[in-house]
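Here the structure comes first, spelled out in structure tokens, and everything after it is commentary.
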Number of protein chains: 2
Amino acid sequence: MSTRVESAAELWLTWKRAFEAVRAPIVAEVTAGSDLSEPELSVLVTLFEAGGAARQNVLAAELGWDRTRLSHLLTRMEAREYVTRGKVTGGVEVALLTRGRDALDTSIPTLEDSARRHLLDALDPEDVRALRRIVRRLLTS
Amino acid sequence: MSTRVESAAELWLTWKRAFEAVRAPIVAEVTAGSDLSEPELSVLVTLFEAGGAARQNVLAAELGWDRTRLSHLLTRMEAREYVTRGKVTGGVEVALLTRGRDALDTSIPTLEDSARRHLLDALDPEDVRALRRIVRRLLTS
DNA sequence: CGACCCGTGTTGACATGTCAACATTCGCTT
DNA sequence: AAGCGAATGTTGACATGTCAACACGGGTCG
């Protein structure tokens, strides 16, 4: 029994550690200000990027989540008036409400700042280019 | 109001998406075989890499987790006889039990295989080198 | 000594995520 | 049109994670 894990697994595990190391402080800073949790913010951002409204299954796909999780979360967010859900042919469409947009306006600058400090600034331009390429590749495979 | 999120945040968000996209299938495959959840496997692997035993706070640091989470998880894992906890000057030391080692032996090959297919194979050698560099940098900053 | 302070870990209440089962709707086939 | 299957969401029970409060055990300094 060696004391090392094989190469692919090792790459995955260290990547995971690095990801956690970046995520933790960003989440801490972003959630400190607003009354949004990080997953809630993800939903709002994705919704925003989709133009303010999106089908629930599309949202789930974009986020890489499963339907159930999104459903529960949206139920909570609907109760707090961040979003609405409306039936649509073939499913449900979710739309940002004013309260959701306001929350976004408050949180995005913090997110931008945290992401810059904990991710961008930790890398040099070459790393950033490489990371973008890697991300693109992983998302299209 | 634009329809785009700024650069650092955008990098962070797409990275997060890519990470989720890789994590989901790996977790699905790894947990399908064994009766270990993914966090439990992480604990066992980290413990293994530390030589079979480690202080709880060290473990938490390695994993990038908070003490409470680890404590709860270890309580559950202790009940299932994967690990033991023993008091030590200045804290608690956790050690792998046979059942834990066995679970590792079963899961690691699957993990290796999944990680290779979903991560390594999706990237070319240059990407892999870049990712390793990025990870190292993020973990030491 | 004895009164802190700080790092560690645990606990219980609550928030969130997961899983399996179910409802609904749409498209396809006949 | 009627029936069927696949895709979409929801629900409730349970697993897991988070937060705030507490407990304990060293250091350190008066």
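Labels used: A, B, ... for chains in the order of the structure tokens, numbers from 1 for residues in each chain, and numbers from 1 for ligands as shown.
Counting only C-alpha atoms (C1' of nucleotides), every residue of chain B that comes within 9 Å of chain C is listed here: Gln56, Asn57, Arg67, Thr68, Ser71, His72, Gly90, Gly91 and Val92 of chain B.
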Print the selection's residues with N, CA and C atoms to a file, as a PDB file, in the first residue's frame.
ATOM      1  N   GLN B  56      -7.393  16.292  14.098  1.00  0.00           N
ATOM      2  CA  GLN B  56      -8.635  16.701  13.478  1.00  0.00           C
ATOM      3  C   GLN B  56      -8.526  18.074  12.838  1.00  0.00           C
ATOM      4  N   ASN B  57      -7.850  18.979  13.489  1.00  0.00           N
ATOM      5  CA  ASN B  57      -7.740  20.321  12.913  1.00  0.00           C
ATOM      6  C   ASN B  57      -6.891  20.321  11.643  1.00  0.00           C
ATOM      7  N   ARG B  67     -14.519  23.099  11.355  1.00  0.00           N
ATOM      8  CA  ARG B  67     -14.432  22.053  12.376  1.00  0.00           C
ATOM      9  C   ARG B  67     -15.738  21.324  12.578  1.00  0.00           C
ATOM     10  N   THR B  68     -16.816  22.088  12.611  1.00  0.00           N
ATOM     11  CA  THR B  68     -18.105  21.491  12.917  1.00  0.00           C
ATOM     12  C   THR B  68     -18.489  20.415  11.923  1.00  0.00           C
ATOM     13  N   SER B  71     -16.467  17.363  12.438  1.00  0.00           N
ATOM     14  CA  SER B  71     -16.852  16.699  13.675  1.00  0.00           C
ATOM     15  C   SER B  71     -18.103  15.834  13.470  1.00  0.00           C
ATOM     16  N   HIS B  72     -19.131  16.419  12.888  1.00  0.00           N
ATOM     17  CA  HIS B  72     -20.356  15.659  12.628  1.00  0.00           C
ATOM     18  C   HIS B  72     -20.071  14.455  11.745  1.00  0.00           C
ATOM     19  N   GLY B  90      -3.752  18.529  23.369  1.00  0.00           N
ATOM     20  CA  GLY B  90      -4.052  19.649  22.502  1.00  0.00           C
ATOM     21  C   GLY B  90      -5.089  19.354  21.456  1.00  0.00           C
ATOM     22  N   GLY B  91      -5.768  18.217  21.533  1.00  0.00           N
ATOM     23  CA  GLY B  91      -6.815  17.952  20.559  1.00  0.00           C
ATOM     24  C   GLY B  91      -7.184  16.498  20.418  1.00  0.00           C
ATOM     25  N   VAL B  92      -7.588  16.141  19.202  1.00  0.00           N
ATOM     26  CA  VAL B  92      -8.062  14.787  18.943  1.00  0.00           C
ATOM     27  C   VAL B  92      -7.353  14.243  17.715  1.00  0.00           C
TER      28      VAL B  92
END
**Request:** Name the residues of region 26-132 of chain A that fall into strand (DSSP E or B) according to DSSP on the backbone, using the chain letters and numbers of this document, as a PyMOL selection string.
**Result:** chain A and resi 53-55+83-88+91-96
**Request:** Enumerate the residues of region 51-117 of chain B with a DSSP assignment of alpha helix (DSSP H), computed from the backbone, and present them as a PyMOL selection string.
**Result:** chain B and resi 56-63+67-79+98-117
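The protein and nucleic acid residues lying at most 9 Å from Val83 (chain A) are Leu44, Leu74, Met77, Val94, Ala95, Leu96, Leu97, Thr98, Arg99 and Gly100 of chain A, with only C-alpha atoms (C1' of nucleotides) considered and sequence neighbours fewer than 6 positions away removed.
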Selection file, N, CA and C atoms, as a short mmCIF file (atom, residue, chain, number, x, y, z; two decimals), in the first residue's frame:
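What follows is the written file part.cif:
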data_model
loop_
_atom_site.label_atom_id
_atom_site.label_comp_id
_atom_site.auth_asym_id
_atom_site.auth_seq_id
_atom_site.Cartn_x
_atom_site.Cartn_y
_atom_site.Cartn_z
N LEU A 44 -29.70 33.66 -8.94
CA LEU A 44 -30.02 35.00 -9.40
C LEU A 44 -29.10 35.42 -10.54
N LEU A 74 -35.94 27.21 -5.12
CA LEU A 74 -36.84 28.19 -5.70
C LEU A 74 -38.07 28.40 -4.84
N MET A 77 -36.98 30.75 -2.31
CA MET A 77 -36.73 32.08 -2.86
C MET A 77 -38.01 32.77 -3.30
N VAL A 94 -39.05 30.73 -14.64
CA VAL A 94 -38.74 31.49 -13.44
C VAL A 94 -38.33 32.89 -13.87
N ALA A 95 -38.75 33.88 -13.12
CA ALA A 95 -38.39 35.25 -13.48
C ALA A 95 -37.92 36.02 -12.25
N LEU A 96 -36.95 36.88 -12.48
CA LEU A 96 -36.44 37.76 -11.43
C LEU A 96 -37.51 38.75 -11.01
N LEU A 97 -37.60 39.01 -9.73
CA LEU A 97 -38.44 40.09 -9.23
C LEU A 97 -37.54 41.25 -8.81
N THR A 98 -38.16 42.36 -8.51
CA THR A 98 -37.39 43.55 -8.15
C THR A 98 -36.46 43.29 -6.97
N ARG A 99 -37.00 42.62 -6.00
CA ARG A 99 -36.19 42.29 -4.82
C ARG A 99 -34.96 41.47 -5.21
N GLY A 100 -35.14 40.59 -6.19
CA GLY A 100 -34.02 39.79 -6.67
C GLY A 100 -32.99 40.65 -7.37
#
**Prompt:** Mind pulling up the distance from CA of Ser34 (chain A) to CA of Asp105 (chain A)?
**Reply:**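 Computing the Euclidean distance for CA of Asp105 (chain A) and CA of Ser34 (chain A) yields 10.4 Å.
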**Request:** Would you mind listing what lies within 12 Å of Leu119 (chain A) as a PyMOL selection string, with only C-alpha atoms (C1' of nucleotides) counted and same-chain residues fewer than 3 positions away left out?
**Result:** (chain A and resi 18-26+111-116+122-125+127-128+131) or (chain B and resi 7-13+15-16+134-135+137-139+141)
**Message:** List the spatial neighbours of Leu36 (chain A) as a list of chain:residue names - criterion: any atom at most 12 Å away, only C-alpha atoms (C1' of nucleotides), same-chain residues fewer than 3 positions off excluded.
**Reply:**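 Close residues of Leu36 (chain A): A:Val27, A:Ala28, A:Glu29, A:Val30, A:Thr31, A:Ala32, A:Gly33, A:Pro39, A:Glu40, A:Leu41, A:Ser42, A:Val43, A:Leu44, A:Val45, A:Leu73, A:Arg76, A:Met77, A:Arg80, A:Tyr82, A:Arg99, A:Gly100, A:Asp102, A:Ala103, A:Leu104, A:Thr106, A:Ser107, A:Ile108.
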